[in-house]
>>> print(open('final-v3.cif').read())   # mmCIF, N, CA and C atoms
data_upload
loop_
_atom_site.group_PDB
_atom_site.id
_atom_site.type_symbol
_atom_site.label_atom_id
_atom_site.label_comp_id
_atom_site.auth_asym_id
_atom_site.auth_seq_id
_atom_site.Cartn_x
_atom_site.Cartn_y
_atom_site.Cartn_z
ATOM 1 N N MET N 1 149.937 96.041 104.246
ATOM 2 C CA MET N 1 149.779 97.470 104.321
ATOM 3 C C MET N 1 149.311 97.826 105.732
ATOM 4 N N ASP N 2 149.973 98.781 106.366
ATOM 5 C CA ASP N 2 149.551 99.165 107.708
ATOM 6 C C ASP N 2 148.627 100.382 107.664
ATOM 7 N N GLN N 3 148.165 100.791 108.823
ATOM 8 C CA GLN N 3 147.192 101.890 108.932
ATOM 9 C C GLN N 3 147.724 103.184 108.318
ATOM 10 N N THR N 4 149.012 103.465 108.498
ATOM 11 C CA THR N 4 149.601 104.680 107.939
ATOM 12 C C THR N 4 149.574 104.653 106.422
ATOM 13 N N ASP N 5 149.862 103.491 105.834
ATOM 14 C CA ASP N 5 149.807 103.364 104.378
ATOM 15 C C ASP N 5 148.382 103.577 103.864
ATOM 16 N N HIS N 6 147.410 103.000 104.549
ATOM 17 C CA HIS N 6 146.011 103.174 104.158
ATOM 18 C C HIS N 6 145.598 104.642 104.278
ATOM 19 N N ARG N 7 146.048 105.272 105.351
ATOM 20 C CA ARG N 7 145.725 106.680 105.569
ATOM 21 C C ARG N 7 146.314 107.528 104.452
ATOM 22 N N ASN N 8 147.575 107.326 104.151
ATOM 23 C CA ASN N 8 148.229 108.102 103.095
ATOM 24 C C ASN N 8 147.555 107.876 101.746
ATOM 25 N N GLN N 9 147.188 106.632 101.484
ATOM 26 C CA GLN N 9 146.512 106.321 100.230
ATOM 27 C C GLN N 9 145.142 106.999 100.173
ATOM 28 N N ALA N 10 144.411 106.988 101.271
ATOM 29 C CA ALA N 10 143.097 107.635 101.316
ATOM 30 C C ALA N 10 143.228 109.137 101.073
ATOM 31 N N VAL N 11 144.184 109.769 101.720
ATOM 32 C CA VAL N 11 144.391 111.209 101.545
ATOM 33 C C VAL N 11 144.740 111.526 100.097
ATOM 34 N N GLU N 12 145.611 110.748 99.498
ATOM 35 C CA GLU N 12 145.997 110.993 98.108
ATOM 36 C C GLU N 12 144.816 110.811 97.152
ATOM 37 N N LEU N 13 144.007 109.777 97.387
ATOM 38 C CA LEU N 13 142.830 109.561 96.539
ATOM 39 C C LEU N 13 141.831 110.715 96.661
ATOM 40 N N LEU N 14 141.646 111.214 97.871
ATOM 41 C CA LEU N 14 140.737 112.341 98.067
ATOM 42 C C LEU N 14 141.274 113.601 97.396
ATOM 43 N N LYS N 15 142.576 113.801 97.477
ATOM 44 C CA LYS N 15 143.182 114.964 96.814
ATOM 45 C C LYS N 15 143.047 114.851 95.300
ATOM 46 N N GLU N 16 143.193 113.654 94.772
ATOM 47 C CA GLU N 16 143.019 113.439 93.332
ATOM 48 C C GLU N 16 141.575 113.735 92.925
ATOM 49 N N ASP N 17 140.623 113.314 93.747
ATOM 50 C CA ASP N 17 139.218 113.586 93.440
ATOM 51 C C ASP N 17 138.939 115.089 93.482
ATOM 52 N N ALA N 18 139.516 115.785 94.448
ATOM 53 C CA ALA N 18 139.343 117.235 94.526
ATOM 54 C C ALA N 18 139.936 117.908 93.286
ATOM 55 N N LYS N 19 141.092 117.438 92.860
ATOM 56 C CA LYS N 19 141.737 117.987 91.665
ATOM 57 C C LYS N 19 140.885 117.718 90.426
ATOM 58 N N ARG N 20 140.281 116.553 90.370
ATOM 59 C CA ARG N 20 139.415 116.184 89.245
ATOM 60 C C ARG N 20 138.194 117.099 89.191
ATOM 61 N N ILE N 21 137.619 117.411 90.341
ATOM 62 C CA ILE N 21 136.465 118.309 90.395
ATOM 63 C C ILE N 21 136.864 119.695 89.899
ATOM 64 N N LEU N 22 137.989 120.181 90.360
ATOM 65 C CA LEU N 22 138.469 121.490 89.926
ATOM 66 C C LEU N 22 138.666 121.510 88.417
ATOM 67 N N GLN N 23 139.253 120.462 87.880
ATOM 68 C CA GLN N 23 139.482 120.377 86.431
ATOM 69 C C GLN N 23 138.161 120.310 85.671
ATOM 70 N N LEU N 24 137.211 119.551 86.175
ATOM 71 C CA LEU N 24 135.897 119.440 85.538
ATOM 72 C C LEU N 24 135.221 120.812 85.465
ATOM 73 N N ILE N 25 135.265 121.546 86.550
ATOM 74 C CA ILE N 25 134.646 122.875 86.583
ATOM 75 C C ILE N 25 135.393 123.827 85.657
ATOM 76 N N LYS N 26 136.700 123.724 85.617
ATOM 77 C CA LYS N 26 137.489 124.572 84.724
ATOM 78 C C LYS N 26 137.114 124.306 83.262
ATOM 79 N N VAL N 27 136.964 123.048 82.896
ATOM 80 C CA VAL N 27 136.578 122.699 81.530
ATOM 81 C C VAL N 27 135.204 123.283 81.213
ATOM 82 N N GLN N 28 134.277 123.186 82.159
ATOM 83 C CA GLN N 28 132.954 123.761 81.938
ATOM 84 C C GLN N 28 133.052 125.265 81.704
ATOM 85 N N MET N 29 133.845 125.944 82.514
ATOM 86 C CA MET N 29 133.981 127.393 82.371
ATOM 87 C C MET N 29 134.666 127.752 81.053
ATOM 88 N N ASP N 30 135.665 126.971 80.679
ATOM 89 C CA ASP N 30 136.377 127.224 79.427
ATOM 90 C C ASP N 30 135.471 127.041 78.220
ATOM 91 N N ASN N 31 134.444 126.220 78.365
ATOM 92 C CA ASN N 31 133.507 125.979 77.272
ATOM 93 C C ASN N 31 132.264 126.845 77.394
ATOM 94 N N LEU N 32 132.439 127.977 78.023
ATOM 95 C CA LEU N 32 131.420 129.021 78.119
ATOM 96 C C LEU N 32 130.178 128.653 78.910
ATOM 97 N N THR N 33 130.288 127.694 79.794
ATOM 98 C CA THR N 33 129.177 127.427 80.706
ATOM 99 C C THR N 33 129.313 128.427 81.845
ATOM 100 N N LEU N 34 128.363 129.294 81.971
ATOM 101 C CA LEU N 34 128.439 130.352 82.967
ATOM 102 C C LEU N 34 128.182 129.816 84.366
ATOM 103 N N PRO N 35 128.865 130.382 85.358
ATOM 104 C CA PRO N 35 128.651 129.933 86.736
ATOM 105 C C PRO N 35 127.212 130.076 87.212
ATOM 106 N N GLN N 36 126.420 130.954 86.571
ATOM 107 C CA GLN N 36 125.027 131.112 86.971
ATOM 108 C C GLN N 36 124.124 130.057 86.318
ATOM 109 N N CYS N 37 124.666 129.299 85.395
ATOM 110 C CA CYS N 37 123.902 128.293 84.659
ATOM 111 C C CYS N 37 123.489 127.152 85.602
ATOM 112 N N PRO N 38 122.232 126.738 85.558
ATOM 113 C CA PRO N 38 121.776 125.637 86.419
ATOM 114 C C PRO N 38 122.581 124.341 86.223
ATOM 115 N N ALA N 39 122.997 124.068 84.992
ATOM 116 C CA ALA N 39 123.776 122.848 84.742
ATOM 117 C C ALA N 39 125.120 122.920 85.467
ATOM 118 N N TYR N 40 125.748 124.075 85.425
ATOM 119 C CA TYR N 40 127.023 124.274 86.130
ATOM 120 C C TYR N 40 126.821 124.061 87.623
ATOM 121 N N GLU N 41 125.804 124.707 88.169
ATOM 122 C CA GLU N 41 125.544 124.604 89.606
ATOM 123 C C GLU N 41 125.225 123.166 90.017
ATOM 124 N N GLU N 42 124.487 122.456 89.170
ATOM 125 C CA GLU N 42 124.140 121.072 89.481
ATOM 126 C C GLU N 42 125.374 120.174 89.500
ATOM 127 N N VAL N 43 126.234 120.345 88.509
ATOM 128 C CA VAL N 43 127.476 119.564 88.457
ATOM 129 C C VAL N 43 128.334 119.872 89.681
ATOM 130 N N LEU N 44 128.487 121.152 89.973
ATOM 131 C CA LEU N 44 129.308 121.538 91.120
ATOM 132 C C LEU N 44 128.733 120.979 92.417
ATOM 133 N N ASP N 45 127.435 121.144 92.622
ATOM 134 C CA ASP N 45 126.806 120.638 93.850
ATOM 135 C C ASP N 45 126.944 119.123 93.970
ATOM 136 N N THR N 46 126.713 118.423 92.871
ATOM 137 C CA THR N 46 126.798 116.963 92.872
ATOM 138 C C THR N 46 128.217 116.499 93.184
ATOM 139 N N GLN N 47 129.185 117.119 92.544
ATOM 140 C CA GLN N 47 130.586 116.733 92.753
ATOM 141 C C GLN N 47 131.039 117.037 94.181
ATOM 142 N N MET N 48 130.667 118.202 94.683
ATOM 143 C CA MET N 48 131.068 118.572 96.040
ATOM 144 C C MET N 48 130.394 117.656 97.066
ATOM 145 N N TYR N 49 129.136 117.317 96.828
ATOM 146 C CA TYR N 49 128.433 116.415 97.733
ATOM 147 C C TYR N 49 129.124 115.041 97.738
ATOM 148 N N GLY N 50 129.458 114.551 96.553
ATOM 149 C CA GLY N 50 130.128 113.255 96.461
ATOM 150 C C GLY N 50 131.454 113.248 97.197
ATOM 151 N N LEU N 51 132.232 114.316 97.021
ATOM 152 C CA LEU N 51 133.522 114.397 97.710
ATOM 153 C C LEU N 51 133.322 114.471 99.222
ATOM 154 N N SER N 52 132.335 115.234 99.652
ATOM 155 C CA SER N 52 132.104 115.334 101.097
ATOM 156 C C SER N 52 131.712 113.976 101.681
ATOM 157 N N ARG N 53 130.966 113.163 100.925
ATOM 158 C CA ARG N 53 130.598 111.824 101.384
ATOM 159 C C ARG N 53 131.831 110.917 101.450
ATOM 160 N N GLU N 54 132.718 111.040 100.454
ATOM 161 C CA GLU N 54 133.969 110.260 100.476
ATOM 162 C C GLU N 54 134.797 110.629 101.707
ATOM 163 N N ILE N 55 134.893 111.919 101.968
ATOM 164 C CA ILE N 55 135.667 112.393 103.122
ATOM 165 C C ILE N 55 135.040 111.877 104.409
ATOM 166 N N ASN N 56 133.724 111.958 104.510
ATOM 167 C CA ASN N 56 133.041 111.461 105.692
ATOM 168 C C ASN N 56 133.304 109.968 105.900
ATOM 169 N N PHE N 57 133.293 109.212 104.817
ATOM 170 C CA PHE N 57 133.561 107.785 104.895
ATOM 171 C C PHE N 57 134.984 107.522 105.399
ATOM 172 N N ALA N 58 135.951 108.274 104.862
ATOM 173 C CA ALA N 58 137.345 108.109 105.298
ATOM 174 C C ALA N 58 137.506 108.477 106.771
ATOM 175 N N ILE N 59 136.780 109.484 107.223
ATOM 176 C CA ILE N 59 136.820 109.869 108.639
ATOM 177 C C ILE N 59 136.255 108.747 109.498
ATOM 178 N N ARG N 60 135.123 108.206 109.064
ATOM 179 C CA ARG N 60 134.488 107.125 109.824
ATOM 180 C C ARG N 60 135.374 105.886 109.902
ATOM 181 N N LEU N 61 136.172 105.657 108.865
ATOM 182 C CA LEU N 61 137.091 104.519 108.877
ATOM 183 C C LEU N 61 138.342 104.796 109.706
ATOM 184 N N GLY N 62 138.521 106.044 110.117
ATOM 185 C CA GLY N 62 139.709 106.409 110.878
ATOM 186 C C GLY N 62 140.921 106.657 109.999
ATOM 187 N N LEU N 63 140.690 106.862 108.705
ATOM 188 C CA LEU N 63 141.791 107.104 107.773
ATOM 189 C C LEU N 63 142.083 108.587 107.596
ATOM 190 N N LEU N 64 141.213 109.420 108.131
ATOM 191 C CA LEU N 64 141.343 110.858 107.961
ATOM 192 C C LEU N 64 140.782 111.539 109.203
ATOM 193 N N GLU N 65 141.469 112.560 109.666
ATOM 194 C CA GLU N 65 140.966 113.353 110.783
ATOM 195 C C GLU N 65 139.899 114.305 110.258
ATOM 196 N N ALA N 66 138.895 114.574 111.069
ATOM 197 C CA ALA N 66 137.805 115.467 110.654
ATOM 198 C C ALA N 66 138.345 116.824 110.217
ATOM 199 N N GLU N 67 139.302 117.346 110.944
ATOM 200 C CA GLU N 67 139.863 118.658 110.617
ATOM 201 C C GLU N 67 140.561 118.632 109.256
ATOM 202 N N GLU N 68 141.234 117.543 108.963
ATOM 203 C CA GLU N 68 141.909 117.402 107.673
ATOM 204 C C GLU N 68 140.889 117.347 106.534
ATOM 205 N N GLY N 69 139.768 116.672 106.764
ATOM 206 C CA GLY N 69 138.705 116.614 105.771
ATOM 207 C C GLY N 69 138.106 117.978 105.511
ATOM 208 N N LYS N 70 137.867 118.737 106.591
ATOM 209 C CA LYS N 70 137.339 120.095 106.453
ATOM 210 C C LYS N 70 138.316 120.974 105.679
ATOM 211 N N LYS N 71 139.590 120.798 105.959
ATOM 212 C CA LYS N 71 140.622 121.598 105.283
ATOM 213 C C LYS N 71 140.650 121.277 103.787
ATOM 214 N N LEU N 72 140.520 120.010 103.445
ATOM 215 C CA LEU N 72 140.519 119.600 102.040
ATOM 216 C C LEU N 72 139.339 120.234 101.298
ATOM 217 N N LEU N 73 138.153 120.189 101.888
ATOM 218 C CA LEU N 73 136.972 120.808 101.278
ATOM 219 C C LEU N 73 137.126 122.322 101.190
ATOM 220 N N ALA N 74 137.644 122.938 102.242
ATOM 221 C CA ALA N 74 137.818 124.391 102.249
ATOM 222 C C ALA N 74 138.812 124.824 101.173
ATOM 223 N N THR N 75 139.871 124.059 100.996
ATOM 224 C CA THR N 75 140.860 124.376 99.965
ATOM 225 C C THR N 75 140.236 124.299 98.583
ATOM 226 N N LEU N 76 139.473 123.250 98.337
ATOM 227 C CA LEU N 76 138.809 123.108 97.045
ATOM 228 C C LEU N 76 137.812 124.249 96.825
ATOM 229 N N GLU N 77 137.043 124.588 97.847
ATOM 230 C CA GLU N 77 136.074 125.675 97.725
ATOM 231 C C GLU N 77 136.773 126.998 97.410
ATOM 232 N N LYS N 78 137.919 127.220 98.028
ATOM 233 C CA LYS N 78 138.683 128.447 97.770
ATOM 234 C C LYS N 78 139.189 128.462 96.325
ATOM 235 N N GLU N 79 139.703 127.329 95.850
ATOM 236 C CA GLU N 79 140.183 127.238 94.469
ATOM 237 C C GLU N 79 139.039 127.444 93.477
ATOM 238 N N LEU N 80 137.882 126.872 93.773
ATOM 239 C CA LEU N 80 136.718 127.043 92.903
ATOM 240 C C LEU N 80 136.243 128.493 92.898
ATOM 241 N N SER N 81 136.306 129.135 94.051
ATOM 242 C CA SER N 81 135.920 130.538 94.147
ATOM 243 C C SER N 81 136.845 131.410 93.306
ATOM 244 N N THR N 82 138.137 131.139 93.371
ATOM 245 C CA THR N 82 139.114 131.876 92.573
ATOM 246 C C THR N 82 138.845 131.665 91.094
ATOM 247 N N LEU N 83 138.572 130.430 90.713
ATOM 248 C CA LEU N 83 138.263 130.109 89.323
ATOM 249 C C LEU N 83 136.997 130.849 88.876
ATOM 250 N N HIS N 84 136.004 130.887 89.736
ATOM 251 C CA HIS N 84 134.757 131.598 89.449
ATOM 252 C C HIS N 84 135.027 133.093 89.235
ATOM 253 N N GLU N 85 135.823 133.669 90.114
ATOM 254 C CA GLU N 85 136.157 135.088 89.993
ATOM 255 C C GLU N 85 136.888 135.377 88.691
ATOM 256 N N LEU N 86 137.800 134.506 88.328
ATOM 257 C CA LEU N 86 138.532 134.687 87.069
ATOM 258 C C LEU N 86 137.598 134.619 85.875
ATOM 259 N N SER N 87 136.642 133.697 85.913
ATOM 260 C CA SER N 87 135.705 133.582 84.789
ATOM 261 C C SER N 87 134.810 134.808 84.708
ATOM 262 N N MET N 88 134.429 135.361 85.828
ATOM 263 C CA MET N 88 133.591 136.573 85.843
ATOM 264 C C MET N 88 134.389 137.754 85.314
ATOM 265 N N TYR N 89 135.660 137.782 85.621
ATOM 266 C CA TYR N 89 136.535 138.873 85.166
ATOM 267 C C TYR N 89 136.697 138.830 83.652
ATOM 268 N N LYS N 90 136.764 137.600 83.082
ATOM 269 C CA LYS N 90 136.904 137.442 81.632
ATOM 270 C C LYS N 90 135.709 137.992 80.883
ATOM 271 N N GLN N 91 134.534 137.910 81.526
ATOM 272 C CA GLN N 91 133.316 138.362 80.853
ATOM 273 C C GLN N 91 133.320 139.846 80.864
#
>>> encode(input="final-v3.cif", output="structure tokens")
Amino acid sequence: MDQTDHRNQAVELLKEDAKRILQLIKVQMDNLTLPQCPAYEEVLDTQMYGLSREINFAIRLGLLEAEEGKKLLATLEKELSTLHELSMYKQ
């Protein structure tokens, strides 16, 4: 496996983790856990922190550009914000 293969694999794994976080938060919202709930906030903070550490590790290994890592986090944050807005609208 060459550096490009490792890079592509790292990016895909990070995207899968971001998708998993989004799904986890969606399940919480679907089960009536309100975004203001401390448990919701703790799960979200913990998951986002973990993903940011994974991204930082991939950057340090040279498998991901810093800008690409920031973009991945920003995209997830935007998706989570949209999900939050939708849940508030339902209430």
>>> atom_distance(input="final-v3.cif", atom1="atom C of Lys19 of chain N", atom2="atom CA of Asp45 of chain N")
14.8 Å
>>> closest_residue(input="final-v3.cif", among="N:Glu12, N:Glu42, N:Asp2, N:Glu85", to="Leu64 of chain N", atoms="only C-alpha atoms")
N:Glu12
>>> closest_residue(input="final-v3.cif", among="N:Ser87, N:Gln3, N:Ala18, N:Val11", to="Met48 of chain N", atoms="only C-alpha atoms")
N:Ala18
>>> closest_residue(input="final-v3.cif", among="N:Ile25, N:Cys37, N:Val43, N:Ile55", to="Leu83 of chain N", atoms="all atoms listed in the file")
N:Ile25
>>> residues_near_point(input="final-v3.cif", point="(132.5, 115.6, 93.4)", cutoff="8 Å", atoms="only N, CA and C atoms", output="list in words")
Asp17, Ala18, Arg20, Ile21, Leu22, Val43, Leu44, Asp45, Thr46, Gln47, Met48, Tyr49, Gly50, Leu51 and Ser52 of chain N
>>> write_last_selection(input="final-v3.cif", atoms="N, CA and C atoms", output="compact mmCIF listing (two decimals), in the frame of the given file")
# COMPACT_ATOMS: atom_id res chain seq x y z
N ASP N 17 140.62 113.31 93.75
CA ASP N 17 139.22 113.59 93.44
C ASP N 17 138.94 115.09 93.48
N ALA N 18 139.52 115.78 94.45
CA ALA N 18 139.34 117.24 94.53
C ALA N 18 139.94 117.91 93.29
N ARG N 20 140.28 116.55 90.37
CA ARG N 20 139.42 116.18 89.24
C ARG N 20 138.19 117.10 89.19
N ILE N 21 137.62 117.41 90.34
CA ILE N 21 136.46 118.31 90.40
C ILE N 21 136.86 119.70 89.90
N LEU N 22 137.99 120.18 90.36
CA LEU N 22 138.47 121.49 89.93
C LEU N 22 138.67 121.51 88.42
N VAL N 43 126.23 120.34 88.51
CA VAL N 43 127.48 119.56 88.46
C VAL N 43 128.33 119.87 89.68
N LEU N 44 128.49 121.15 89.97
CA LEU N 44 129.31 121.54 91.12
C LEU N 44 128.73 120.98 92.42
N ASP N 45 127.44 121.14 92.62
CA ASP N 45 126.81 120.64 93.85
C ASP N 45 126.94 119.12 93.97
N THR N 46 126.71 118.42 92.87
CA THR N 46 126.80 116.96 92.87
C THR N 46 128.22 116.50 93.18
N GLN N 47 129.18 117.12 92.54
CA GLN N 47 130.59 116.73 92.75
C GLN N 47 131.04 117.04 94.18
N MET N 48 130.67 118.20 94.68
CA MET N 48 131.07 118.57 96.04
C MET N 48 130.39 117.66 97.07
N TYR N 49 129.14 117.32 96.83
CA TYR N 49 128.43 116.42 97.73
C TYR N 49 129.12 115.04 97.74
N GLY N 50 129.46 114.55 96.55
CA GLY N 50 130.13 113.26 96.46
C GLY N 50 131.45 113.25 97.20
N LEU N 51 132.23 114.32 97.02
CA LEU N 51 133.52 114.40 97.71
C LEU N 51 133.32 114.47 99.22
N SER N 52 132.34 115.23 99.65
CA SER N 52 132.10 115.33 101.10
C SER N 52 131.71 113.98 101.68
>>> atom_distance(input="final-v3.cif", atom1="atom CA of Leu14 of chain N", atom2="atom CA of Leu72 of chain N")
8.3 Å
>>> atom_distance(input="final-v3.cif", atom1="atom CA of Leu80 of chain N", atom2="atom CA of Met29 of chain N")
10.9 Å
>>> closest_residue(input="final-v3.cif", among="N:Gly62, N:Glu79, N:Lys26, N:Glu68", to="Thr4 of chain N", atoms="only C-alpha atoms")
N:Gly62
>>> closest_residue(input="final-v3.cif", among="N:Tyr40, N:Arg60, N:Lys70, N:Lys15", to="Val27 of chain N", atoms="only C-alpha atoms")
N:Tyr40
>>> axis_aligned_box(input="final-v3.cif", around="segment 62-68 of chain N", padding_each_side="6 Å", output="JSON")
{"center_x": 139.9, "center_y": 112.4, "center_z": 108.8, "size_x": 16.3, "size_y": 24.6, "size_z": 16.5}
>>> select_by_dssp(input="final-v3.cif", residues="segment 28-79 of chain N", states="helix (DSSP H, G or I)", output="PyMOL selection string")
chain N and resi 28-30+38-60+66-79
>>> closest_residue(input="final-v3.cif", among="N:Lys78, N:Lys71, N:His84, N:Arg7", to="Asp30 of chain N", atoms="only C-alpha atoms")
N:His84
